[in-house]
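Inspection log for the structure reproduced underneath, given as structure tokens.
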Amino acid sequence: MTPDEIEGAVDAGLPRAIEDLKRLVSIPSVAFPGHPDEPVHAAAAATEELLRSAGLPEVRQIPVDGSFPAVYAEAPAPPGAPTVLLYAHYDVQPAGDPALWRTPAFEPTEVDGAIHGRGAADDKSGVISHVAALRTFEGRFPVGIKVIIEGQEEYAGERLEAFVERNPELVRADAIIVADTGNPRVGDPSVTTSLRGMGAFTVEVRTLEESLHSGSFGGAAPDALAALIRMLAALHDDHGDIRVPGLPRGTFLGTGPSEEEFRETAGVLDGVSLVGSGSLADRLWASYAITVTGLDVPTVSGAINAVQAVARARVTVRVPPAGDPKTTIEAVVDFLDQVAPWGVKVSFTDYVLGSGFLSDTGGTARSALNRSMERAYGRPPRDVGAGGSIPLVSTFVRQFPAAEILLFGAEDDGAAIHAPNERVVVEELRRTILSEALFLQEYGTATTG
């Protein structure tokens, strides 16, 4: 197919792709403990149906130990052509407080050229990007195709990673497209060349056999919540830089956002300072970051006058691409143990680890992607980093060191992923689909002549 033919087919198929995305977003496929399993399995079935509609001759669900099924598809490579693996995930983050959504989280709504709903960007846009790009070729693919769509990426842990390590031939490919990132801004073509790793754990502080009346015992009884607050506050200095020894600030060689762009995208309130030091690219993509992501304490509405006997926090640490998540978490845990006041009893549980990623920006596949994105966006892509983690990417790196791994997608920094009012811009989705379809043709041509 010529580039003009590919673009025409993508445009003609876009209305169908939008309806497919809305149908997928309407399924609340939250794969977190405490949420029902049925919608997750329904999303797996819908993903299987979508891949069948793309003309792939082999499509099936694959059981994954301790997790939800992955959806796998395959089409053989034409003689002499390379094979491309396409990755995305069909599970989503919990919606959170419904009152914070302007439209219902699982009722996809199109507003001002964007589709709003949980998972519309992260990562059901990735699923649809693959499906719509493949439909362009009507079953006559210019390269070999393998597709694996994960069912429990958002709830961190090693599930599909272990499966890939045990079954490498199933997903072995010459190039791998990971459609779970995006551009800093809509219309700003970018390829993600680094990912921070991550670690997480739960810290629990105990001080009393049970909570006590604050009037009778406050002032002498050790408060577990106060102790935990002191410990967590000690993780950062007054500028917001990390105080844990052995976690230095890193350097990102590319260009990051300006402070004005970042403040607008992040919604930082007027008069509130950003935290940390160094460039924003350094802070966001190449340095450690520690965030308290949850607290188990009495709510304000349910507060009683008591000195707390126990308090818990969930702590997440982002690790530079070349950093070691295990030693990083050990350093943070050791630091919290050291700063714990009053001899309180501290324990650490529920550890999760995931490695980072740093890509080689050269190669046949990357060159083909550059040409494809330049046509789709009108200018060539630039390299960016991402502060988040995609655990499976590091597994791909270990298992397939010769493969080129390309990260791009329809998300953008304003897409509100993991937050209320998530959305994907339809034009960004179209350009992502077009970039992927053009890439498959370009890469096949570049490697076969």
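Following the order of the structure tokens, first chain is A, next is B, and so on, with residues numbered from 1 inside each chain and ligands from 1 in the order they appear.
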If we count only C-alpha atoms and set the cut-off at 8 Å, which residues sit around segment 280-287 of chain A, ignoring sequence neighbours fewer than 2 positions away in its own chain? Please answer as a list in words. Ser194, Leu195, Arg196, Pro248, Arg249, Gly250, Thr251, Phe252, Gly254, Thr255, Gly256, Pro257, Ser258, Glu259, Gly276, Ser277, Gly278, Ala289, Arg318, Val319, Pro320, Pro321, Gly385, Ala386 and Gly387 of chain A
Restricting it to C-alpha atoms, dump the selection as a PDB file, in the first residue's frame.
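Everything below was put into result.pdb:
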ATOM      1  CA  SER A 194      13.439   6.096  28.909  1.00  0.00           C
ATOM      2  CA  LEU A 195      11.188   4.909  31.703  1.00  0.00           C
ATOM      3  CA  ARG A 196      11.807   5.148  35.399  1.00  0.00           C
ATOM      4  CA  PRO A 248      21.218  11.249  43.929  1.00  0.00           C
ATOM      5  CA  ARG A 249      19.536  13.411  41.304  1.00  0.00           C
ATOM      6  CA  GLY A 250      20.026  12.174  37.714  1.00  0.00           C
ATOM      7  CA  THR A 251      20.393  13.940  34.368  1.00  0.00           C
ATOM      8  CA  PHE A 252      18.220  13.642  31.258  1.00  0.00           C
ATOM      9  CA  GLY A 254      16.884  15.610  26.105  1.00  0.00           C
ATOM     10  CA  THR A 255      14.605  18.622  26.454  1.00  0.00           C
ATOM     11  CA  GLY A 256      11.834  18.655  29.000  1.00  0.00           C
ATOM     12  CA  PRO A 257       8.855  20.956  29.498  1.00  0.00           C
ATOM     13  CA  SER A 258       9.189  24.557  30.552  1.00  0.00           C
ATOM     14  CA  GLU A 259       8.014  25.457  34.041  1.00  0.00           C
ATOM     15  CA  GLY A 276      12.974  19.613  43.976  1.00  0.00           C
ATOM     16  CA  SER A 277      15.948  21.045  42.131  1.00  0.00           C
ATOM     17  CA  GLY A 278      17.576  20.555  38.749  1.00  0.00           C
ATOM     18  CA  ALA A 289      10.812  10.475  43.364  1.00  0.00           C
ATOM     19  CA  ARG A 318      10.214   6.087  41.115  1.00  0.00           C
ATOM     20  CA  VAL A 319      13.700   4.915  40.177  1.00  0.00           C
ATOM     21  CA  PRO A 320      15.938   6.305  37.371  1.00  0.00           C
ATOM     22  CA  PRO A 321      16.174   4.033  34.302  1.00  0.00           C
ATOM     23  CA  GLY A 385      11.361  10.333  28.957  1.00  0.00           C
ATOM     24  CA  ALA A 386       8.516   9.080  31.103  1.00  0.00           C
ATOM     25  CA  GLY A 387       8.365   9.127  34.851  1.00  0.00           C
TER      26      GLY A 387
END
What's around segment 213-221 of chain A at 8 Å? Count only C-alpha atoms, leave out sequence neighbours fewer than 4 positions away in its own chain, and write the answer as a VMD selection string. chain A and resid 305 to 307
May I have the residues within 12 Å of Val111 of chain A as a ChimeraX atom specification, using only C-alpha atoms and disregarding those fewer than 5 positions away in the same chain? /A:102-103,116-117,421-426
Would you please extract all alpha helix (DSSP H) residues from segment 123-363 of chain A, as assigned by DSSP on the backbone, and give them as a ChimeraX atom specification? /A:124-135,160-166,168-171,214-217,224-233,259-266,280-281,325-339
Using only C-alpha atoms, which residues sit within 8 Å of segment 171-173 of chain A once same-chain residues fewer than 3 positions away are excluded, as a ChimeraX atom specification? /A:82-85,146-148,164,167-168,176,400,403
Who sits within 10 Å of Val205 of chain A, only C-alpha atoms, same chain under 4 positions skipped, as a VMD selection string: chain A and resid 223 to 228 231 308 to 313 340 344 to 348
Would you mind listing what lies within 10 Å of Pro420 of chain A as a PyMOL selection string, with only C-alpha atoms counted and same-chain residues fewer than 5 positions away left out? chain A and resi 94-105+116-118+415
Quick one: write out the picked residues with C-alpha atoms as an mmCIF file, in the first residue's frame?
data_model
loop_
_atom_site.group_PDB
_atom_site.id
_atom_site.type_symbol
_atom_site.label_atom_id
_atom_site.label_comp_id
_atom_site.auth_asym_id
_atom_site.auth_seq_id
_atom_site.Cartn_x
_atom_site.Cartn_y
_atom_site.Cartn_z
ATOM 1 C CA PRO A 94 -10.140 2.422 39.554
ATOM 2 C CA ALA A 95 -12.371 5.420 38.874
ATOM 3 C CA GLY A 96 -12.062 6.864 42.371
ATOM 4 C CA ASP A 97 -14.566 9.377 43.690
ATOM 5 C CA PRO A 98 -17.467 9.668 41.185
ATOM 6 C CA ALA A 99 -18.132 13.229 42.384
ATOM 7 C CA LEU A 100 -14.832 14.355 40.849
ATOM 8 C CA TRP A 101 -15.805 13.277 37.326
ATOM 9 C CA ARG A 102 -17.549 15.734 35.012
ATOM 10 C CA THR A 103 -18.963 12.777 33.047
ATOM 11 C CA PRO A 104 -19.510 9.238 34.393
ATOM 12 C CA ALA A 105 -16.245 7.295 34.412
ATOM 13 C CA HIS A 116 -13.824 11.040 28.196
ATOM 14 C CA GLY A 117 -13.869 7.957 30.409
ATOM 15 C CA ARG A 118 -11.650 5.757 32.541
ATOM 16 C CA ALA A 415 -5.013 13.151 29.348
#
I'd like the contact shell of segment 1-12 of chain A - 9 Å cut-off, only C-alpha atoms, skipping same-chain residues fewer than 5 positions apart - returned as a VMD selection string. chain A and resid 132 to 133 135 to 137 142 375 to 376 430 433 to 434 437 to 438 441
How would the residues just picked look written out with C-alpha atoms as a PDB file, in the first residue's frame?
ATOM      1  CA  ALA A 132      -7.330   0.066  13.684  1.00  0.00           C
ATOM      2  CA  ALA A 133      -3.786   0.075  12.264  1.00  0.00           C
ATOM      3  CA  ARG A 135      -7.471  -3.275   9.859  1.00  0.00           C
ATOM      4  CA  THR A 136      -5.863  -0.948   7.331  1.00  0.00           C
ATOM      5  CA  PHE A 137      -4.195  -3.930   5.627  1.00  0.00           C
ATOM      6  CA  PRO A 142       3.570  -6.288   5.245  1.00  0.00           C
ATOM      7  CA  ARG A 375       4.067  12.131   7.809  1.00  0.00           C
ATOM      8  CA  ALA A 376       1.345  11.685  10.448  1.00  0.00           C
ATOM      9  CA  ARG A 430      -6.020   9.160  14.512  1.00  0.00           C
ATOM     10  CA  ILE A 433      -3.167   4.854  14.289  1.00  0.00           C
ATOM     11  CA  LEU A 434      -1.732   6.395  11.130  1.00  0.00           C
ATOM     12  CA  ALA A 437       0.058   1.670  10.081  1.00  0.00           C
ATOM     13  CA  LEU A 438       2.677   3.646   8.136  1.00  0.00           C
ATOM     14  CA  GLN A 441       4.571  -0.690   5.843  1.00  0.00           C
TER      15      GLN A 441
END
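Ranking A:Gly199, A:Glu165, A:Leu358, A:Asp270 by their shortest atom-to-atom distance to Leu253 of chain A, with only C-alpha atoms included, puts A:Leu358 first.
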Just list the residues in segment 167-385 of chain A DSSP gives strand (DSSP E) on the backbone, as number ranges by chain. A: 175-178, 182-183, 190-195, 197-206, 212-213, 289-296, 306-307, 310-319, 345-354, 357-358, 382-385
Could you write those residues out with C-alpha atoms, as an mmCIF file, in the first residue's frame?
data_model
loop_
_atom_site.group_PDB
_atom_site.id
_atom_site.type_symbol
_atom_site.label_atom_id
_atom_site.label_comp_id
_atom_site.auth_asym_id
_atom_site.auth_seq_id
_atom_site.Cartn_x
_atom_site.Cartn_y
_atom_site.Cartn_z
ATOM 1 C CA ALA A 175 10.646 -4.852 16.790
ATOM 2 C CA ILE A 176 8.209 -4.237 19.635
ATOM 3 C CA ILE A 177 5.652 -1.428 19.776
ATOM 4 C CA VAL A 178 4.484 -0.550 23.276
ATOM 5 C CA GLY A 182 2.218 9.409 24.502
ATOM 6 C CA ASN A 183 3.252 12.941 23.700
ATOM 7 C CA SER A 190 7.450 12.030 20.603
ATOM 8 C CA VAL A 191 9.017 8.646 21.205
ATOM 9 C CA THR A 192 9.607 7.627 24.810
ATOM 10 C CA THR A 193 13.216 6.494 25.122
ATOM 11 C CA SER A 194 13.439 6.096 28.909
ATOM 12 C CA LEU A 195 11.188 4.909 31.703
ATOM 13 C CA GLY A 197 11.574 1.935 37.352
ATOM 14 C CA MET A 198 9.491 1.730 40.480
ATOM 15 C CA GLY A 199 9.184 0.160 43.880
ATOM 16 C CA ALA A 200 6.381 0.289 46.409
ATOM 17 C CA PHE A 201 5.711 -0.931 49.915
ATOM 18 C CA THR A 202 3.393 -0.488 52.871
ATOM 19 C CA VAL A 203 4.780 0.866 56.135
ATOM 20 C CA GLU A 204 2.901 0.278 59.387
ATOM 21 C CA VAL A 205 3.522 2.017 62.716
ATOM 22 C CA ARG A 206 2.155 0.634 66.012
ATOM 23 C CA LEU A 212 -7.046 5.773 73.534
ATOM 24 C CA HIS A 213 -9.161 8.793 74.498
ATOM 25 C CA ALA A 289 10.812 10.475 43.364
ATOM 26 C CA ILE A 290 9.027 9.354 46.516
ATOM 27 C CA THR A 291 5.247 9.701 46.814
ATOM 28 C CA VAL A 292 2.880 8.704 49.596
ATOM 29 C CA THR A 293 0.015 7.208 47.599
ATOM 30 C CA GLY A 294 -2.285 6.108 50.404
ATOM 31 C CA LEU A 295 -2.928 6.347 54.152
ATOM 32 C CA ASP A 296 -4.914 4.112 56.461
ATOM 33 C CA ALA A 306 -8.459 9.358 70.113
ATOM 34 C CA VAL A 307 -4.717 8.817 70.124
ATOM 35 C CA VAL A 310 -1.775 2.118 64.427
ATOM 36 C CA ALA A 311 -1.281 3.964 61.148
ATOM 37 C CA ARG A 312 -0.272 2.727 57.702
ATOM 38 C CA ALA A 313 0.945 4.328 54.492
ATOM 39 C CA ARG A 314 1.593 3.136 50.962
ATOM 40 C CA VAL A 315 4.833 4.564 49.591
ATOM 41 C CA THR A 316 5.839 4.515 45.920
ATOM 42 C CA VAL A 317 9.376 5.257 44.736
ATOM 43 C CA ARG A 318 10.214 6.087 41.115
ATOM 44 C CA VAL A 319 13.700 4.915 40.177
ATOM 45 C CA LYS A 345 7.131 -0.585 66.232
ATOM 46 C CA VAL A 346 7.606 -0.371 62.463
ATOM 47 C CA SER A 347 6.985 -3.058 59.860
ATOM 48 C CA PHE A 348 7.186 -3.124 56.061
ATOM 49 C CA THR A 349 5.102 -5.362 53.771
ATOM 50 C CA ASP A 350 3.575 -5.711 50.285
ATOM 51 C CA TYR A 351 6.705 -5.000 48.272
ATOM 52 C CA VAL A 352 6.437 -4.451 44.507
ATOM 53 C CA LEU A 353 9.408 -3.884 42.169
ATOM 54 C CA GLY A 354 9.726 -2.955 38.495
ATOM 55 C CA PHE A 357 14.171 1.227 30.570
ATOM 56 C CA LEU A 358 16.652 3.184 28.468
ATOM 57 C CA ARG A 382 11.648 13.981 19.429
ATOM 58 C CA ASP A 383 12.934 11.824 22.283
ATOM 59 C CA VAL A 384 11.262 12.180 25.675
ATOM 60 C CA GLY A 385 11.361 10.333 28.957
#
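Distances to Arg371 of chain A were evaluated for A:Phe262, A:Leu440, A:Glu49, A:Ala162 using only C-alpha atoms, and the minimum falls at A:Leu440.
Across the structure, atom CA of Phe335 of chain A and atom CA of Arg230 of chain A are spaced 12.3 Å apart.
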For Ser26 of chain A, which of A:Arg159, A:His418, A:His236, A:Lys124 is the closest residue, counting only C-alpha atoms?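 Counting only C-alpha atoms, the residue closest to Ser26 of chain A is A:Lys124.
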